[in-house]
Amino acid sequence: MTTLCRMVIQPLSIPFVESFAHGRKVRRHSDAVLVRLEDDRGHVGHGEGLPRPYVTGETVEGMVTCLARACWPRLAGRRIPDLSSLEDLAVLDDLWSRDQPTGVLAPHAARSAIELAWLDLVLRRSGKGVGDILPPVRHTVNYSGVVTAGASDQALRHARQMRVVGLSSVKVKVGLGDDVARVRAIREGLGERVSVRLDANGAWDPADVLPMLRQLEPFGIDSVEQPLPRGDLAAWAALRASSPIPIMADESLITLQDLEDLVRYQACDLVNVRVSKCGGLLSAWRQATRALEAGLEVQVGCQVGETALLSAAGRHLAAALPEVRFVEGSFGTLLLREDVSREPVRFGHRGDAPLLQGPGLGVEIVSSQCDKFALETMVCELSGGP
Amino acid sequence: MSGLREGLLALFEESTLQLSRYPDFDRLDQGQATPSEAQDFLRRLARTHLKSPRILAFLYAVAPPEEGEAVLHNLLEELGLEEQDGVSHPEMLRQVLLHAGLGDEVEGLEHQAKEDVRRLVTEPLLYGTLRDVGFAAMVETVAFEFMLGRLAGKLGKALGRLLNLPRDGRAWFMHHSEVDVRHAEEGLDNLVRYAAEYGIPADDALALAELTLRENVFIRGYFGTERAEAEA
């Protein structure tokens with residue numbers, strides 16, 4: 001057993017190839033926060049979280065402070081036991097049982113970064129990969145594309161690009177006022193065979209949602225994600241009962257308790273489970289398997305701008321779940337101008353991507369790339385804080 | 001193939017215009033860049049183009065047989081084999097680096113170019129056929145020819161002033177300014193014929209080209225990726 005002796009925190013700012021817009025935000029760069037953990041024998045592990053103020057309440061600054069001021073004092077010098085199953089990551093649960101920072105619903109991006117780095121380190125130390133403790137049940141993972149918010153002609157251009165890449169499913173960001181025209185253009189660009197689903201990011205006016213869904217239904221929509229804001233599960237349940245399109249919960253699902261509430265209210269048909277949003281691989285696995293047990297379908301989602309680390313974690317999750325309806329992520333350099341891993345993790349033709357077989361999370365992080373895009377580098381040593 | 005040539009031309013023009021308006025390019029062109037910035041530019045330019053013979057060899061392999069001669073001509077020219085006493089383009093690039101005081105970095109830049117090839121080869125293919133992969137590669141190659149035909153002379157002059165490059169040290173730029181307008185014109189025709197010969201619908205061909213050029217490949221290659229500023 002080794003001892004944790006150092007943590008490096010790096011909030012990054014990697015430019016996007018092109019801006020990414022949805023109903024809540026236009027992003028032009030990734031604001032991933034990377035964590036590097038080191039033990040006293042020189043073993044290293046990397047993790048990542050992407051804070052989203054409108055999802056978990058976390059900001060980049062708040063996440064960095066949480067990691068350095070709240071987590072590190074409890075982690076420093078901690079003995080690092082081996083892992084025989086994913087559930088063994090529960091050894092980190094005590095880090096998060098204390099008071100939450102004001103305004104933070106759940107510090108899940110911070111939790112994800114710590115947990116993934118811990119997992120990566122422990123597995124690398126023993127020469128194992130995630131597949132050894134979370135065995136895959138499929139040989140490849142098939143990813144969806146995303147058409148961001150924007151004008152109809154831009155959306156049509158994106159749709160045609162996705163068609164030549166051969167993607168079999170595409171998510172369309174909606175909630176910007178011209179939704180019917182955009183979805184019509186995208187459906188025309190993609191053709192009839194491609195599965196199309198929508199994501200409103202809670203931006204629709206509740207009074208307009210049902211009429212909107214009825215207008216969009218003829219375009220062959222497989223699901224609509226977060227049509228209403230988080231909260232008011234009775235409204236969600238009423239919408240689901242009347243909706244011509246299956247309803248997916250995303251921002252409404254942060255914690256396991258959220259999931260139990262969604263199930264109890266019969267508020268949705270599908271859930272979007274994302275590793276950073278849910279607080280790490282273990283929490284995401286628990287939420288996804290509980291959702292399946294409750295008869296819901298599962299989408300393994302991603303954070304816009306995630307690097308190879310979160311993409312790798314998402315791929316392991318998607319590969320291991322007994323059932324998964326849609327998978328998002330692994331955009332790699334399709335979205336980021338550069339990634340932080342040596343080997344690319346992005347999907348290929350038709351959205352297919354192989355399993356990651358290497359030690360730890362299965363990606364080799366290039367330190368110079370992290371340094372190049374780091375807004376700051378905060379080092380926490382065993383002797384004290386940063 | 002109606003409209004494909006025009007669509008491709010518009011993409012090449014737009015990408016070239018973006019480069020010419022890029023602030024760092026403007027600083028080079030106006031002689032405002034420091035010698036160190038000019039050297040950085042040269043390093044990236046060399047890394048971008050040192051792998052060109054390999055790309056052209058790939059294009060020769062996938063070109064429709066009737067179009068292969070034109071690509072072969074470009075490949076032989078790139079390798080300096082088209083005429084007696086010809087100089088290969090990688091050798092011209094080495095000469096640029098030597099005259100710019102970067103002679104001891106040639107080996108490292110060649111290694112980086114090989115790593116770029118490694119990444120190209122190992123990255124999952126976005127397209128399902130060699131037909132589409134070849135078309136995308138040809139689009140990027142012709143885009144560079146289009147841009148160099150218009151801007152290589154300007155770049156050579158600017159770098160010559162900034163780094164005191166003698167005529168021999170600017171041969172790569174002068175050569176591209178002389179031949180690439182013609183290469184790009186031929187390249188545009190070749191792209192249209194490639195799509196027709198291999199049955200790529202015009203809409204799909206244009207989508208492939210847009211996907212290939214959606215990030216400005218010139219700015220990415222010549223100026224690299226800087227960290228983005230944090231948003232407020």
# chains A, B, ... in the order shown; residues from 1 in each chain; ligands from 1
>>> closest_atom_pairs(of="chain B", to="chain A", cutoff="9 Å", atoms="only C-alpha atoms", output="CSV")
residue,atom,partner,partner_atom,distance
B:Arg119,CA,A:Glu343,CA,7.5
B:Thr122,CA,A:Glu343,CA,7.9
B:Glu123,CA,A:Pro344,CA,5.9
B:Pro124,CA,A:Gly348,CA,4.7
B:Leu125,CA,A:Gly348,CA,5.0
B:Leu126,CA,A:His349,CA,4.2
B:Tyr127,CA,A:His349,CA,4.9
B:Gly128,CA,A:His349,CA,5.6
B:Asp132,CA,A:Val164,CA,8.6
B:Asp203,CA,A:Arg160,CA,7.9
B:Asp204,CA,A:Val164,CA,6.3
B:Ala205,CA,A:Val164,CA,8.7
B:Leu206,CA,A:Gln161,CA,8.9
B:Ala207,CA,A:Gln161,CA,5.1
B:Leu208,CA,A:Gln161,CA,6.6
B:Glu210,CA,A:Gln161,CA,7.6
B:Leu211,CA,A:Gln161,CA,6.2
B:Arg214,CA,A:Val17,CA,7.6
B:Glu215,CA,A:Val17,CA,5.6
B:Asn216,CA,A:Val17,CA,8.7
B:Arg220,CA,A:Arg337,CA,8.4
B:Thr225,CA,A:Arg337,CA,6.8
B:Glu226,CA,A:Phe373,CA,7.5
B:Arg227,CA,A:Phe373,CA,4.9
B:Ala228,CA,A:Pro15,CA,5.3
B:Glu229,CA,A:Ser13,CA,6.9
B:Ala230,CA,A:Ser13,CA,6.5
B:Glu231,CA,A:His29,CA,8.7
>>> residues_around(residues="Ala137 of chain B", least_positions_apart="4", cutoff="8 Å", atoms="only C-alpha atoms", output="list in words")
Ile55, Leu59, Val133 and Thr141 of chain B
>>> closest_residue(among="B:Gly134, B:Gly149, B:Gly221, B:Gly199", to="Glu178 of chain B", atoms="only C-alpha atoms")
B:Gly149
>>> residues_around(residues="segment 6-22 of chain B", least_positions_apart="4", cutoff="9 Å", atoms="only C-alpha atoms", output="list in words")
Ser2, Asp26, Arg27, Asp29, Val139, Val142, Ala143, Phe144, Phe146, Met147, Leu148, Arg150, Leu151, Leu188, Leu191, Leu206, Ala209, Glu210, Leu213, Arg214, Glu215, Asn216, Val217, Phe218 and Ile219 of chain B
>>> select_by_dssp(residues="segment 51-247 of chain A", states="helix (DSSP H, G or I)", output="JSON, numbers by chain")
{"A": [60, 61, 62, 63, 64, 65, 66, 67, 68, 69, 70, 71, 72, 73, 74, 75, 86, 87, 88, 89, 90, 91, 92, 93, 94, 95, 96, 108, 109, 110, 111, 112, 113, 114, 115, 116, 117, 118, 119, 120, 121, 122, 123, 124, 125, 130, 131, 132, 133, 152, 153, 154, 155, 156, 157, 158, 159, 160, 161, 162, 163, 164, 165, 179, 180, 181, 182, 183, 184, 185, 186, 187, 188, 189, 190, 206, 207, 208, 209, 210, 211, 212, 213, 214, 215, 216, 217, 218, 219, 233, 234, 235, 236, 237, 238, 239, 240, 241, 242]}
>>> residues_around(residues="segment 47-64 of chain A", least_positions_apart="6", cutoff="8 Å", atoms="only C-alpha atoms", output="PyMOL selection string")
chain A and resi 9+11+31-36+103-118+120+251+254+276-277+303+306-307+309-310
>>> residues_around(residues="Arg54 of chain B", least_positions_apart="6", cutoff="10 Å", atoms="only C-alpha atoms", output="list in words")
Tyr60, Leu75, Glu78 and Val117 of chain B
>>> write_last_selection(atoms="N, CA, C and O atoms", output="PDB file, in the first residue's frame")
ATOM      1  N   TYR B  60      -1.359   9.815 -54.581  1.00  0.00           N
ATOM      2  CA  TYR B  60      -1.069   9.120 -55.843  1.00  0.00           C
ATOM      3  C   TYR B  60      -1.677   7.713 -55.811  1.00  0.00           C
ATOM      4  O   TYR B  60      -2.249   7.244 -56.794  1.00  0.00           O
ATOM      5  N   LEU B  75       4.308  14.798 -57.020  1.00  0.00           N
ATOM      6  CA  LEU B  75       5.112  14.012 -56.087  1.00  0.00           C
ATOM      7  C   LEU B  75       6.587  14.040 -56.496  1.00  0.00           C
ATOM      8  O   LEU B  75       7.470  14.237 -55.649  1.00  0.00           O
ATOM      9  N   GLU B  78       7.994  17.319 -55.721  1.00  0.00           N
ATOM     10  CA  GLU B  78       8.206  17.428 -54.267  1.00  0.00           C
ATOM     11  C   GLU B  78       9.503  16.727 -53.863  1.00  0.00           C
ATOM     12  O   GLU B  78      10.206  17.179 -52.960  1.00  0.00           O
ATOM     13  N   VAL B 117       2.647  12.231 -38.583  1.00  0.00           N
ATOM     14  CA  VAL B 117       2.225  11.138 -39.477  1.00  0.00           C
ATOM     15  C   VAL B 117       1.697   9.976 -38.637  1.00  0.00           C
ATOM     16  O   VAL B 117       0.668   9.369 -38.958  1.00  0.00           O
TER      17      VAL B 117
END
>>> residues_around(residues="Lys173 of chain A", least_positions_apart="5", cutoff="7 Å", atoms="only C-alpha atoms", output="number ranges by chain")
A: 22, 147-149, 198-200
>>> write_last_selection(atoms="all heavy atoms", output="compact mmCIF listing (two decimals), in the first residue's frame")
# COMPACT_ATOMS: atom_id res chain seq x y z
N HIS A 22 -25.73 26.14 -26.86
CA HIS A 22 -27.04 25.56 -26.54
C HIS A 22 -27.87 26.64 -25.86
O HIS A 22 -27.46 27.81 -25.83
CB HIS A 22 -26.91 24.27 -25.71
CG HIS A 22 -26.22 24.43 -24.39
ND1 HIS A 22 -26.74 25.13 -23.35
CD2 HIS A 22 -25.03 23.95 -23.96
CE1 HIS A 22 -25.92 25.07 -22.31
NE2 HIS A 22 -24.86 24.37 -22.66
N VAL A 147 -25.63 18.45 -32.94
CA VAL A 147 -25.75 19.68 -33.71
C VAL A 147 -26.02 20.79 -32.71
O VAL A 147 -27.02 20.77 -31.99
CB VAL A 147 -26.90 19.61 -34.74
CG1 VAL A 147 -27.02 20.94 -35.48
CG2 VAL A 147 -26.65 18.48 -35.73
N THR A 148 -25.12 21.76 -32.65
CA THR A 148 -25.26 22.81 -31.65
C THR A 148 -26.33 23.81 -32.11
O THR A 148 -26.78 23.77 -33.25
CB THR A 148 -23.94 23.57 -31.43
OG1 THR A 148 -23.71 24.44 -32.53
CG2 THR A 148 -22.79 22.62 -31.29
N ALA A 149 -26.70 24.67 -31.18
CA ALA A 149 -27.66 25.71 -31.52
C ALA A 149 -27.04 26.65 -32.56
O ALA A 149 -25.84 26.87 -32.56
CB ALA A 149 -28.04 26.49 -30.27
N LEU A 198 -33.62 15.44 -29.22
CA LEU A 198 -33.50 16.88 -28.94
C LEU A 198 -33.01 17.11 -27.52
O LEU A 198 -33.22 16.27 -26.65
CB LEU A 198 -34.86 17.57 -29.12
CG LEU A 198 -35.61 17.27 -30.42
CD1 LEU A 198 -36.97 17.98 -30.40
CD2 LEU A 198 -34.80 17.70 -31.63
N ASP A 199 -32.38 18.26 -27.31
CA ASP A 199 -31.97 18.65 -25.96
C ASP A 199 -32.27 20.13 -25.79
O ASP A 199 -31.69 20.98 -26.46
CB ASP A 199 -30.47 18.39 -25.78
CG ASP A 199 -30.00 18.73 -24.36
OD1 ASP A 199 -30.85 19.09 -23.51
OD2 ASP A 199 -28.79 18.62 -24.10
N ALA A 200 -33.21 20.43 -24.88
CA ALA A 200 -33.61 21.83 -24.66
C ALA A 200 -32.85 22.48 -23.50
O ALA A 200 -32.98 23.69 -23.29
CB ALA A 200 -35.11 21.90 -24.39
>>> residues_around(residues="Thr34 of chain B", least_positions_apart="2", cutoff="12 Å", atoms="only C-alpha atoms", output="JSON, numbers by chain")
{"B": [24, 27, 28, 29, 30, 31, 32, 36, 37, 38, 39, 40, 41, 158, 159, 161, 162, 163]}
>>> write_last_selection(atoms="N, CA, C and O atoms", output="short mmCIF file (atom, residue, chain, number, x, y, z; two decimals), in the first residue's frame")
data_model
loop_
_atom_site.label_atom_id
_atom_site.label_comp_id
_atom_site.auth_asym_id
_atom_site.auth_seq_id
_atom_site.Cartn_x
_atom_site.Cartn_y
_atom_site.Cartn_z
N ASP B 24 -1.37 37.57 -36.31
CA ASP B 24 0.05 37.18 -36.29
C ASP B 24 0.63 37.14 -37.70
O ASP B 24 1.82 37.43 -37.90
N ARG B 27 1.34 40.68 -38.61
CA ARG B 27 2.57 41.17 -37.97
C ARG B 27 3.80 40.72 -38.76
O ARG B 27 4.76 41.48 -38.92
N LEU B 28 3.77 39.49 -39.25
CA LEU B 28 4.88 39.01 -40.09
C LEU B 28 4.96 39.83 -41.37
O LEU B 28 6.02 40.33 -41.76
N ASP B 29 3.81 39.96 -42.00
CA ASP B 29 3.75 40.63 -43.31
C ASP B 29 4.19 42.09 -43.20
O ASP B 29 4.85 42.62 -44.11
N GLN B 30 3.84 42.74 -42.10
CA GLN B 30 4.18 44.16 -41.93
C GLN B 30 5.58 44.36 -41.35
O GLN B 30 5.98 45.49 -41.06
N GLY B 31 6.26 43.25 -41.12
CA GLY B 31 7.62 43.36 -40.58
C GLY B 31 7.64 43.72 -39.11
O GLY B 31 8.67 44.17 -38.59
N GLN B 32 6.51 43.55 -38.43
CA GLN B 32 6.44 43.91 -37.01
C GLN B 32 6.78 42.74 -36.08
O GLN B 32 6.94 42.93 -34.88
N SER B 36 12.42 36.21 -33.23
CA SER B 36 12.02 34.99 -32.51
C SER B 36 10.65 34.50 -32.98
O SER B 36 10.43 33.29 -33.16
N GLU B 37 9.72 35.43 -33.18
CA GLU B 37 8.39 35.04 -33.68
C GLU B 37 8.49 34.50 -35.11
O GLU B 37 7.80 33.54 -35.47
N ALA B 38 9.37 35.11 -35.90
CA ALA B 38 9.55 34.63 -37.27
C ALA B 38 10.13 33.21 -37.26
O ALA B 38 9.74 32.35 -38.07
N GLN B 39 11.04 32.95 -36.34
CA GLN B 39 11.61 31.60 -36.23
C GLN B 39 10.55 30.59 -35.80
O GLN B 39 10.50 29.47 -36.31
N ASP B 40 9.70 31.00 -34.87
CA ASP B 40 8.60 30.12 -34.44
C ASP B 40 7.72 29.76 -35.63
O ASP B 40 7.30 28.61 -35.80
N PHE B 41 7.42 30.77 -36.42
CA PHE B 41 6.60 30.54 -37.60
C PHE B 41 7.27 29.52 -38.52
O PHE B 41 6.63 28.59 -39.03
N ALA B 158 8.70 38.62 -46.44
CA ALA B 158 8.61 39.07 -45.04
C ALA B 158 9.65 38.36 -44.18
O ALA B 158 10.37 39.00 -43.39
N LEU B 159 9.74 37.04 -44.34
CA LEU B 159 10.71 36.29 -43.53
C LEU B 159 12.14 36.63 -43.94
O LEU B 159 13.04 36.67 -43.10
N ARG B 161 13.19 39.51 -44.89
CA ARG B 161 13.54 40.77 -44.22
C ARG B 161 13.79 40.56 -42.73
O ARG B 161 14.74 41.06 -42.16
N LEU B 162 12.90 39.79 -42.11
CA LEU B 162 12.97 39.63 -40.66
C LEU B 162 14.19 38.81 -40.22
O LEU B 162 14.74 39.03 -39.14
N LEU B 163 14.58 37.84 -41.07
CA LEU B 163 15.65 36.92 -40.66
C LEU B 163 16.89 37.02 -41.55
O LEU B 163 17.78 36.17 -41.46
#
>>> atom_distance(atom1="atom CA of Pro90 of chain B", atom2="atom CA of Glu185 of chain B")
23.1 Å
>>> atom_distance(atom1="atom CA of Gln257 of chain A", atom2="atom CA of Asp93 of chain A")
15.6 Å
>>> closest_residue(among="B:Arg193, B:His89, B:His111, B:His49", to="Trp172 of chain B", atoms="only C-alpha atoms")
B:His89
>>> closest_residue(among="A:Lys25, A:His139, A:Arg74, A:His43", to="Leu123 of chain A", atoms="only C-alpha atoms")
A:His43
>>> atom_distance(atom1="atom CA of Leu256 of chain A", atom2="atom CA of Ala68 of chain A")
25.8 Å
